[in-house]
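Engineer: Following this line is run.cif, made up of mmCIF, C-alpha atoms:
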data_entry
#
loop_
_atom_site.label_atom_id
_atom_site.label_comp_id
_atom_site.auth_asym_id
_atom_site.auth_seq_id
_atom_site.Cartn_x
_atom_site.Cartn_y
_atom_site.Cartn_z
CA MET A 1 0.00 0.00 0.00
CA SER A 2 1.33 3.43 -0.94
CA GLN A 3 1.60 6.28 1.51
CA ALA A 4 -1.17 8.08 -0.35
CA ASP A 5 -3.45 5.05 -0.02
CA ALA A 6 -2.70 4.78 3.68
CA THR A 7 -4.12 8.23 4.31
CA LEU A 8 -7.53 7.42 2.85
CA PRO A 9 -10.45 6.66 5.18
CA ARG A 10 -11.13 3.02 5.96
CA VAL A 11 -14.62 1.58 5.71
CA SER A 12 -16.06 0.35 8.95
CA HIS A 13 -17.81 -3.03 8.85
CA ASN A 14 -19.45 -2.88 12.26
CA SER A 15 -23.20 -3.18 12.81
CA ASP A 16 -23.64 0.61 13.04
CA SER A 17 -23.15 0.87 9.27
CA GLN A 18 -26.18 -1.37 8.53
CA PRO A 19 -28.89 1.29 9.07
CA THR A 20 -26.92 3.73 6.93
CA THR A 21 -26.58 1.13 4.16
CA ALA A 22 -30.31 0.36 4.32
CA LEU A 23 -31.17 4.06 4.13
CA ARG A 24 -28.92 4.59 1.11
CA ARG A 25 -30.51 1.60 -0.61
CA ARG A 26 -33.98 2.99 0.10
CA LEU A 27 -33.07 6.46 -1.17
CA ALA A 28 -31.60 4.92 -4.34
CA GLU A 29 -34.90 3.10 -4.91
CA LEU A 30 -36.83 6.35 -4.55
CA ARG A 31 -34.46 8.17 -6.91
CA GLY A 32 -34.60 5.42 -9.53
CA ALA A 33 -32.36 2.41 -9.91
CA ASP A 34 -30.49 3.80 -12.93
CA VAL A 35 -30.46 7.47 -11.89
CA ALA A 36 -27.20 8.91 -10.57
CA PRO A 37 -27.59 10.93 -7.36
CA ARG A 38 -27.43 14.70 -7.60
CA PRO A 39 -25.02 15.95 -4.91
CA MET A 40 -26.32 18.52 -2.45
CA ASP A 41 -24.33 21.75 -2.34
CA ALA A 42 -24.17 24.52 0.25
CA ARG A 43 -26.69 26.67 -1.64
CA ALA A 44 -29.30 23.92 -1.52
CA LEU A 45 -28.47 23.13 2.09
CA ALA A 46 -28.81 26.79 3.10
CA ALA A 47 -32.21 26.92 1.38
CA LEU A 48 -33.26 23.72 3.15
CA ALA A 49 -32.17 25.14 6.50
CA ALA A 50 -34.26 28.25 5.81
CA ASN A 51 -37.37 26.04 5.42
CA PRO A 52 -36.85 23.05 7.76
CA GLY A 53 -40.55 22.21 7.83
CA CYS A 54 -40.52 21.10 4.19
CA ARG A 55 -40.24 17.31 4.36
CA ARG A 56 -40.58 17.11 0.59
CA ARG A 57 -37.39 19.04 -0.10
CA ALA A 58 -35.53 17.29 2.73
CA LEU A 59 -36.29 13.86 1.24
CA LEU A 60 -35.70 14.81 -2.39
CA ASP A 61 -32.38 16.51 -1.64
CA GLY A 62 -31.33 13.72 0.70
CA ALA A 63 -32.08 11.13 -1.98
CA GLY A 64 -30.14 13.09 -4.60
CA VAL A 65 -33.21 13.60 -6.80
CA ASP A 66 -32.79 16.03 -9.69
CA LYS A 67 -35.67 18.36 -8.76
CA GLY A 68 -35.35 20.28 -12.03
CA ALA A 69 -35.92 17.12 -14.10
CA LEU A 70 -38.73 16.09 -11.73
CA ALA A 71 -40.46 19.46 -12.10
CA GLU A 72 -40.22 19.22 -15.89
CA ALA A 73 -41.70 15.71 -15.83
CA LEU A 74 -44.57 17.04 -13.69
CA GLY A 75 -45.26 19.80 -16.22
CA SER A 76 -44.07 22.64 -13.97
CA PRO A 77 -40.57 23.51 -15.17
CA ALA A 78 -38.85 26.42 -13.44
CA PRO A 79 -36.43 28.91 -15.04
CA PHE A 80 -33.86 28.05 -12.43
CA GLY A 81 -30.10 28.09 -12.19
CA GLN A 82 -27.17 30.17 -13.35
CA SER A 83 -26.82 31.23 -16.98
CA GLN A 84 -23.94 29.80 -18.97
CA PHE A 85 -22.47 33.27 -19.37
CA ALA A 86 -22.53 33.91 -15.61
CA PHE A 87 -21.07 30.47 -15.00
CA VAL A 88 -18.11 31.09 -17.34
CA ARG A 89 -17.58 34.59 -15.96
CA GLY A 90 -17.59 33.26 -12.40
CA HIS A 91 -15.00 30.61 -13.19
CA ALA A 92 -12.78 33.15 -14.96
CA PHE A 93 -12.94 35.52 -11.99
CA GLU A 94 -12.18 32.74 -9.51
CA ALA A 95 -9.16 31.66 -11.58
CA ARG A 96 -7.87 35.23 -11.51
CA VAL A 97 -8.36 35.53 -7.76
CA LYS A 98 -6.47 32.28 -7.11
CA GLY A 99 -3.73 32.92 -9.66
CA ASP A 100 -0.04 33.03 -8.80
CA GLY A 101 -0.41 30.45 -6.04
CA GLY A 102 -3.20 32.41 -4.37
CA ALA A 103 -0.95 35.41 -3.62
CA GLU A 104 -3.64 38.05 -4.22
CA LEU A 105 -6.28 36.04 -2.37
CA MET A 106 -4.06 35.59 0.68
CA ARG A 107 -3.23 39.30 0.63
CA LEU A 108 -6.95 40.01 0.88
CA VAL A 109 -7.32 37.41 3.66
CA HIS A 110 -4.56 39.11 5.63
CA ALA A 111 -5.91 42.62 5.01
CA ARG A 112 -9.52 41.85 6.00
CA THR A 113 -9.44 39.02 8.56
CA ALA A 114 -5.96 38.67 10.09
CA ALA A 115 -5.03 39.79 13.59
CA ALA A 116 -3.18 43.12 13.84
CA ASP A 117 0.11 41.47 14.77
CA SER A 118 -0.16 38.66 12.23
CA PRO A 119 2.70 38.57 9.70
CA ALA A 120 1.73 39.14 6.08
CA PRO A 121 2.11 36.13 3.79
CA GLU A 122 5.39 36.37 1.89
CA PRO A 123 5.66 35.67 -1.85
CA GLY A 124 6.01 31.93 -2.25
CA GLY A 125 5.45 31.44 1.47
CA VAL A 126 1.89 30.19 1.24
CA SER A 127 1.41 26.43 1.35
CA VAL A 128 -1.16 25.04 -1.11
CA PRO A 129 -1.52 21.32 -0.35
CA ASP A 130 -2.74 18.76 -2.86
CA LEU A 131 -6.24 17.68 -1.82
CA SER A 132 -6.91 15.18 -4.60
CA ALA A 133 -8.18 11.76 -3.58
CA PRO A 134 -10.65 9.16 -4.91
CA GLY A 135 -14.26 10.06 -4.17
CA PRO A 136 -15.83 12.67 -1.87
CA ALA A 137 -15.05 10.67 1.28
CA GLY A 138 -11.39 10.41 0.31
CA ARG A 139 -11.19 14.13 -0.45
CA ALA A 140 -12.87 14.97 2.87
CA GLU A 141 -10.31 12.88 4.73
CA ARG A 142 -7.47 14.50 2.77
CA THR A 143 -8.88 17.92 3.69
CA ARG A 144 -9.05 16.98 7.38
CA GLN A 145 -5.42 15.89 7.34
CA ALA A 146 -4.33 19.05 5.50
CA LEU A 147 -6.11 21.25 8.02
CA GLU A 148 -4.45 19.44 10.92
CA ARG A 149 -0.99 19.79 9.36
CA ALA A 150 -1.51 23.45 8.44
CA THR A 151 -2.69 24.29 11.96
CA ALA A 152 0.32 22.56 13.50
CA ASP A 153 2.80 24.20 11.09
CA GLY A 154 1.84 27.73 12.14
CA GLY A 155 2.13 29.32 8.69
CA TRP A 156 -0.20 30.59 5.98
CA THR A 157 -2.00 27.82 4.08
CA LEU A 158 -4.57 27.99 1.30
CA LEU A 159 -6.87 25.02 0.72
CA ASP A 160 -8.24 25.31 -2.82
CA HIS A 161 -11.66 23.66 -3.16
CA PRO A 162 -11.43 21.46 -0.06
CA MET A 163 -14.10 18.89 0.72
CA VAL A 164 -15.91 18.87 4.07
CA ARG A 165 -18.65 16.67 5.51
CA LEU A 166 -21.82 17.62 7.38
CA GLU A 167 -24.51 15.40 8.84
CA VAL A 168 -27.97 16.49 7.66
CA ALA A 169 -31.16 14.74 8.78
CA GLY A 170 -29.19 11.61 9.56
CA SER A 171 -27.44 11.49 6.18
CA PRO A 172 -23.89 12.66 5.34
CA VAL A 173 -23.51 15.53 2.85
CA HIS A 174 -20.18 16.47 1.22
CA LEU A 175 -19.62 20.16 0.54
CA GLU A 176 -16.96 22.03 -1.43
CA PRO A 177 -16.10 25.62 -0.37
CA ASP A 178 -14.29 27.86 -2.83
CA ALA A 179 -11.35 28.01 -0.43
CA VAL A 180 -10.34 27.87 3.23
CA ALA A 181 -7.42 29.95 4.53
CA VAL A 182 -5.44 28.79 7.58
CA HIS A 183 -3.84 31.62 9.59
CA PRO A 184 -0.52 31.35 11.46
CA ASP A 185 -2.50 31.52 14.73
CA GLY A 186 -4.46 28.40 13.73
CA ARG A 187 -7.74 30.04 12.68
CA TRP A 188 -9.63 28.74 9.65
CA THR A 189 -11.40 31.30 7.44
CA VAL A 190 -14.03 30.37 4.86
CA VAL A 191 -13.55 32.17 1.53
CA GLU A 192 -16.54 32.75 -0.77
CA ILE A 193 -15.75 33.99 -4.30
CA LYS A 194 -18.70 35.52 -6.15
CA SER A 195 -18.97 37.22 -9.53
CA PHE A 196 -21.47 39.93 -8.49
CA PRO A 197 -19.74 43.32 -8.06
CA ILE A 198 -19.06 45.44 -5.01
CA LEU A 199 -19.94 48.96 -6.19
CA ASP A 200 -18.58 51.90 -4.19
CA GLY A 201 -18.00 49.64 -1.20
CA SER A 202 -21.44 48.01 -1.13
CA ALA A 203 -23.14 45.06 -2.83
CA ASP A 204 -26.63 43.69 -3.34
CA PRO A 205 -27.85 42.84 0.21
CA ALA A 206 -29.83 39.81 -1.01
CA LYS A 207 -26.79 38.34 -2.75
CA VAL A 208 -24.53 39.06 0.21
CA GLY A 209 -27.06 37.39 2.52
CA ALA A 210 -27.20 34.30 0.30
CA ALA A 211 -23.39 34.12 0.26
CA ALA A 212 -23.30 34.46 4.06
CA ARG A 213 -25.78 31.60 4.48
CA GLN A 214 -23.66 29.37 2.25
CA ALA A 215 -20.51 30.32 4.15
CA ALA A 216 -22.28 29.50 7.43
CA VAL A 217 -22.94 25.97 6.17
CA TYR A 218 -19.24 25.54 5.39
CA ALA A 219 -18.31 26.98 8.80
CA LEU A 220 -20.54 24.43 10.55
CA ALA A 221 -18.90 21.60 8.62
CA LEU A 222 -15.46 22.89 9.59
CA LYS A 223 -16.51 23.27 13.24
CA ALA A 224 -17.43 19.57 13.20
CA LEU A 225 -13.72 18.86 12.60
CA GLY A 226 -12.83 20.53 15.87
CA GLY A 227 -10.89 23.46 14.47
CA ARG A 228 -10.98 27.12 15.49
CA VAL A 229 -13.23 28.48 12.75
CA ASP A 230 -13.34 32.21 12.14
CA GLU A 231 -16.91 33.49 12.55
CA ARG A 232 -16.23 35.92 9.72
CA ALA A 233 -16.07 34.78 6.12
CA LEU A 234 -14.12 36.56 3.42
CA LEU A 235 -16.38 37.54 0.52
CA VAL A 236 -14.35 38.21 -2.63
CA CYS A 237 -16.05 40.01 -5.55
CA PRO A 238 -15.11 42.15 -8.56
CA LYS A 239 -14.49 45.80 -7.71
CA ASP A 240 -16.97 48.16 -9.38
CA PHE A 241 -17.18 47.26 -13.10
CA SER A 242 -13.69 45.83 -13.40
CA ASN A 243 -12.41 42.28 -13.04
CA LEU A 244 -10.12 43.29 -10.17
CA PRO A 245 -10.86 41.47 -6.90
CA THR A 246 -11.85 43.24 -3.71
CA ALA A 247 -13.02 41.69 -0.45
CA GLU A 248 -15.01 42.31 2.71
CA ALA A 249 -15.29 40.33 5.93
CA VAL A 250 -18.86 39.13 6.57
CA ASP A 251 -20.02 38.35 10.12
CA LEU A 252 -21.45 34.82 10.22
CA ARG A 253 -22.50 34.54 13.87
CA ARG A 254 -26.22 34.99 13.30
CA GLN A 255 -26.24 32.78 10.18
CA ILE A 256 -24.30 30.02 11.96
CA ALA A 257 -26.66 30.02 14.94
CA THR A 258 -29.75 30.07 12.73
CA THR A 259 -28.51 27.37 10.36
CA ARG A 260 -27.46 25.09 13.23
CA ARG A 261 -30.88 25.46 14.85
CA GLN A 262 -32.80 24.90 11.62
CA LEU A 263 -30.77 21.86 10.60
CA ALA A 264 -31.42 20.34 14.03
CA ARG A 265 -35.16 20.70 13.36
CA LEU A 266 -35.03 18.63 10.17
CA THR A 267 -36.89 15.35 10.44
CA ARG A 268 -34.62 12.37 9.89
CA LEU A 269 -34.84 10.91 6.40
CA GLU A 270 -35.67 7.45 7.73
CA GLU A 271 -38.90 8.77 9.25
CA ILE A 272 -39.96 10.58 6.09
CA ALA A 273 -39.17 7.61 3.84
CA ALA A 274 -40.98 5.20 6.16
CA ALA A 275 -44.22 7.20 5.79
CA LEU A 276 -44.29 6.89 1.97
CA PRO A 277 -46.83 4.63 0.28
CA GLU A 278 -45.72 1.38 -1.31
CA GLY A 279 -44.22 1.88 -4.75
CA ALA A 280 -43.49 5.61 -4.35
CA THR A 281 -40.85 6.85 -6.80
CA PHE A 282 -39.30 10.13 -7.92
CA ASP A 283 -37.70 8.76 -11.09
CA PRO A 284 -38.41 11.41 -13.79
CA ALA A 285 -38.80 8.60 -16.33
CA ARG A 286 -42.00 7.38 -14.66
CA PRO A 287 -45.47 8.52 -15.86
CA PRO A 288 -46.44 12.05 -14.67
CA ALA A 289 -49.52 10.82 -12.80
CA GLU A 290 -47.44 8.32 -10.83
CA LEU A 291 -44.84 10.98 -10.06
CA ALA A 292 -47.48 13.46 -8.94
CA GLY A 293 -48.92 10.92 -6.51
CA SER A 294 -45.50 10.21 -5.04
CA VAL A 295 -44.63 13.90 -4.70
CA GLU A 296 -47.96 14.72 -3.06
CA SER A 297 -47.47 11.90 -0.54
CA VAL A 298 -44.66 13.93 1.07
CA PRO A 299 -45.80 17.05 2.98
CA ALA A 300 -44.43 20.34 1.68
CA ALA A 301 -44.12 23.75 3.33
CA TYR A 302 -44.49 26.13 0.42
CA ALA A 303 -43.73 29.84 0.77
CA PRO A 304 -43.16 32.51 -1.90
CA GLN A 305 -39.45 32.52 -0.98
CA CYS A 306 -39.25 29.01 -2.46
CA LEU A 307 -39.56 30.47 -5.97
CA SER A 308 -35.94 31.63 -5.86
CA THR A 309 -34.47 28.59 -4.10
CA CYS A 310 -36.28 25.41 -5.23
CA GLU A 311 -36.88 23.88 -8.65
CA LEU A 312 -40.20 22.38 -7.50
CA ALA A 313 -41.59 25.71 -6.28
CA PHE A 314 -43.95 26.25 -9.24
CA HIS A 315 -45.48 22.81 -8.77
CA CYS A 316 -45.92 23.36 -5.03
CA ARG A 317 -47.38 26.83 -5.61
CA ASP A 318 -49.97 25.47 -8.06
CA ARG A 319 -51.02 22.83 -5.52
CA ALA A 320 -51.21 25.39 -2.72
CA ARG A 321 -53.30 27.71 -4.86
CA SER A 322 -55.68 24.96 -5.95
CA GLY A 323 -56.24 24.06 -2.30
CA GLY A 324 -56.73 27.67 -1.26
CA ALA A 325 -53.85 27.47 1.22
CA VAL A 326 -52.93 30.76 2.87
CA GLU A 327 -49.23 29.86 2.54
CA VAL A 328 -49.30 31.41 -0.94
CA LEU A 329 -49.65 34.81 0.78
CA GLY A 330 -46.34 34.45 2.63
CA ARG A 331 -45.07 33.16 5.96
CA GLU A 332 -45.79 36.43 7.76
CA VAL A 333 -49.45 36.42 6.69
CA ARG A 334 -49.76 32.71 7.51
CA GLY A 335 -48.45 33.35 11.00
CA GLU A 336 -50.89 36.22 11.60
CA LEU A 337 -53.92 34.15 10.56
CA GLY A 338 -53.50 31.54 13.28
CA GLY A 339 -55.84 28.59 12.76
CA LEU A 340 -57.35 29.96 9.54
CA ALA A 341 -55.62 27.69 7.04
CA THR A 342 -57.48 28.44 3.80
CA VAL A 343 -58.42 31.56 1.89
CA GLY A 344 -62.05 30.46 2.08
CA ALA A 345 -61.87 30.34 5.86
CA VAL A 346 -60.29 33.80 5.93
CA LEU A 347 -63.07 35.28 3.78
CA ALA A 348 -65.72 33.52 5.87
CA ALA A 349 -64.18 34.94 9.03
CA ALA A 350 -64.21 38.43 7.53
CA ARG A 351 -67.93 38.01 6.74
CA ASP A 352 -68.57 36.77 10.28
CA GLU A 353 -69.27 33.25 8.98
CA ALA A 354 -66.42 31.59 10.89
CA ARG A 355 -68.89 29.54 12.93
CA ASP A 356 -69.89 27.76 9.73
CA THR A 357 -66.36 26.88 8.61
CA ALA A 358 -64.67 23.52 9.10
CA ASP A 359 -61.37 24.96 10.32
CA GLY A 360 -62.17 24.32 13.97
CA PRO A 361 -64.90 24.10 16.62
CA PRO A 362 -67.44 27.00 16.58
CA GLU A 363 -66.35 28.27 19.98
CA GLU A 364 -62.73 28.35 18.81
CA ALA A 365 -63.62 30.31 15.67
CA ALA A 366 -65.61 32.81 17.71
CA VAL A 367 -62.67 33.73 19.94
CA ASN A 368 -59.97 33.54 17.26
CA PRO A 369 -58.20 36.92 17.43
CA ALA A 370 -57.35 36.72 13.73
CA ALA A 371 -61.05 36.25 12.91
CA ALA A 372 -61.98 39.22 15.10
CA ALA A 373 -59.37 41.39 13.34
CA LEU A 374 -60.67 40.30 9.94
CA ARG A 375 -64.27 41.15 10.88
CA ARG A 376 -63.18 44.59 12.04
CA ALA A 377 -61.19 45.15 8.84
CA ALA A 378 -64.20 44.11 6.77
CA ARG A 379 -66.43 46.57 8.63
CA LEU A 380 -63.93 49.41 8.14
CA ARG A 381 -63.67 48.59 4.44
CA ALA A 382 -67.44 48.58 4.04
CA GLU A 383 -67.73 51.92 5.85
CA ALA A 384 -65.00 53.45 3.67
CA LEU A 385 -66.68 52.24 0.47
CA ALA A 386 -70.04 53.53 1.63
CA ALA A 387 -68.57 56.94 2.45
CA ALA A 388 -66.86 57.06 -0.95
CA GLY A 389 -70.14 56.23 -2.65
CA ARG A 390 -71.94 59.10 -0.91
CA SER A 391 -69.27 61.68 -1.80
#
What would the structure in this file look like if it were written as structure tokens?
Structural biologist:
Amino acid sequence: MSQADATLPRVSHNSDSQPTTALRRRLAELRGADVAPRPMDARALAALAANPGCRRRALLDGAGVDKGALAEALGSPAPFGQSQFAFVRGHAFEARVKGDGGAELMRLVHARTAAADSPAPEPGGVSVPDLSAPGPAGRAERTRQALERATADGGWTLLDHPMVRLEVAGSPVHLEPDAVAVHPDGRWTVVEIKSFPILDGSADPAKVGAAARQAAVYALALKALGGRVDERALLVCPKDFSNLPTAEAVDLRRQIATTRRQLARLTRLEEIAAALPEGATFDPARPPAELAGSVESVPAAYAPQCLSTCELAFHCRDRARSGGAVEVLGREVRGELGGLATVGAVLAAARDEARDTADGPPEEAAVNPAAAALRRAARLRAEALAAAGRS
């Protein structure tokens, strides 16, 4: 056995691996016997953590289902994903940032995230270890070893596209950050490289927030390795309208806490899969009617925010609309309406017909504060329309 082979992770054959093997077999059956799994990335995981009540997305992502192909087979394709032009531009910018052994990138790391007394990285003084290994598990183990060595060496180290592992709903997920910088004091900093610009020192808040959520996922995976992870990520973007890189440190403390809490709320995949009917499948090659039945057998938690983060959002929105679910109005509105779960129930409550609805017992509908507020709003609206008609 070569030295390189000796550093790869060994497979355990104890009884604890049996449930994991059974789960993987079950997820492969749901995905389709001949369908390759679609790996989950940090963007998908951040979106899942933002909506932990959606069992449908948790199962589909955990099983590696191509939700875009599934949505197309269901007749609800979504214009989703990055354009080819943006993809090429992003890769070109990342190559420029990491050029010359990562010299410019490490200069930005030192300028934005290093301690005041930390020595600047010298030309040629940054270690860039080889992280290649067979398979995601092998790369994750190689990354762990490289991080341990870099921390012990006490110098500047740049890990280019490392692989880290995070447990999600009882299933392992392998994630690939753009880069991780190791400081001489042993801190690990997540580096996110994006192609959207920083104009006059500021960037699109929505895009910065999305990048911070992705970086928080990487930070959690690194924390699982036991290292001292910087709670600030380095966001590297083009400066103004040029292709020159600039960077800002982004505080991750709130995103890390929120993501950790939301991921802990995710139902384990075994429980979701066990509740499926016999013969359920998400193989896009199956007939649309069969697919629709399988998809509908898994509870979803649709919200308008899903339209920008999930390929199945249009399908889920159509189903929510057809059922009159108040979720189509947004999470904030849904929370304010309490036990009124349908648009019909909301309108009935506004007309003071809540006692006749099926959303709950009559006495409960009568004292529902949301129903009382709706009745008052309806009265005010009627009075305003009457006054306008008299004027």
Engineer: Grab the CA of Leu252 in chain A to CA of Ala137 in chain A distance for me, in Å with one decimal place.
Structural biologist: 26.5 Å
Engineer: Give me the result of the PyMOL selection byres ((chain A and resi 278-285) around 8) on this file, residue by residue, as an mmCIF file with C-alpha atoms, keeping the file's coordinate frame.
Structural biologist:
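Saved to out12.cif:
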data_model
loop_
_atom_site.group_PDB
_atom_site.id
_atom_site.type_symbol
_atom_site.label_atom_id
_atom_site.label_comp_id
_atom_site.auth_asym_id
_atom_site.auth_seq_id
_atom_site.Cartn_x
_atom_site.Cartn_y
_atom_site.Cartn_z
ATOM 1 C CA GLU A 29 -34.900 3.100 -4.910
ATOM 2 C CA LEU A 30 -36.830 6.350 -4.550
ATOM 3 C CA ARG A 31 -34.460 8.170 -6.910
ATOM 4 C CA GLY A 32 -34.600 5.420 -9.530
ATOM 5 C CA VAL A 35 -30.460 7.470 -11.890
ATOM 6 C CA VAL A 65 -33.210 13.600 -6.800
ATOM 7 C CA ALA A 69 -35.920 17.120 -14.100
ATOM 8 C CA LEU A 70 -38.730 16.090 -11.730
ATOM 9 C CA ALA A 73 -41.700 15.710 -15.830
ATOM 10 C CA LEU A 276 -44.290 6.890 1.970
ATOM 11 C CA PRO A 277 -46.830 4.630 0.280
ATOM 12 C CA ARG A 286 -42.000 7.380 -14.660
ATOM 13 C CA PRO A 287 -45.470 8.520 -15.860
ATOM 14 C CA GLU A 290 -47.440 8.320 -10.830
ATOM 15 C CA LEU A 291 -44.840 10.980 -10.060
ATOM 16 C CA GLY A 293 -48.920 10.920 -6.510
ATOM 17 C CA SER A 294 -45.500 10.210 -5.040
ATOM 18 C CA VAL A 295 -44.630 13.900 -4.700
#
Engineer: Could you please determine the separation between CA of Leu234 in chain A and CA of Arg107 in chain A in Å, to one decimal place?
Structural biologist: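 We find that CA of Leu234 in chain A and CA of Arg107 in chain A lie 11.6 Å from each other.
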Engineer: Under the rule that all atoms listed in the file are counted, which of A:Ala146, A:Cys306, A:Ala350, A:Ala50 is the nearest residue to Arg260 in chain A?
Structural biologist: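 Closest to Arg260 in chain A, using all atoms listed in the file: A:Ala50.
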Engineer: To one decimal in Å, tell me the separation between CA of Asp41 in chain A and CA of Arg334 in chain A.
Structural biologist: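 Pair CA of Asp41 in chain A / CA of Arg334 in chain A returns 29.4 Å.
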Engineer: Kindly indicate which residue among A:Pro37, A:Ala71, A:Glu231, A:Ala47 lies nearest to Glu311 in chain A, using only C-alpha atoms for the distances.
Structural biologist: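 Of all the options, A:Ala71 lies closest to Glu311 in chain A.
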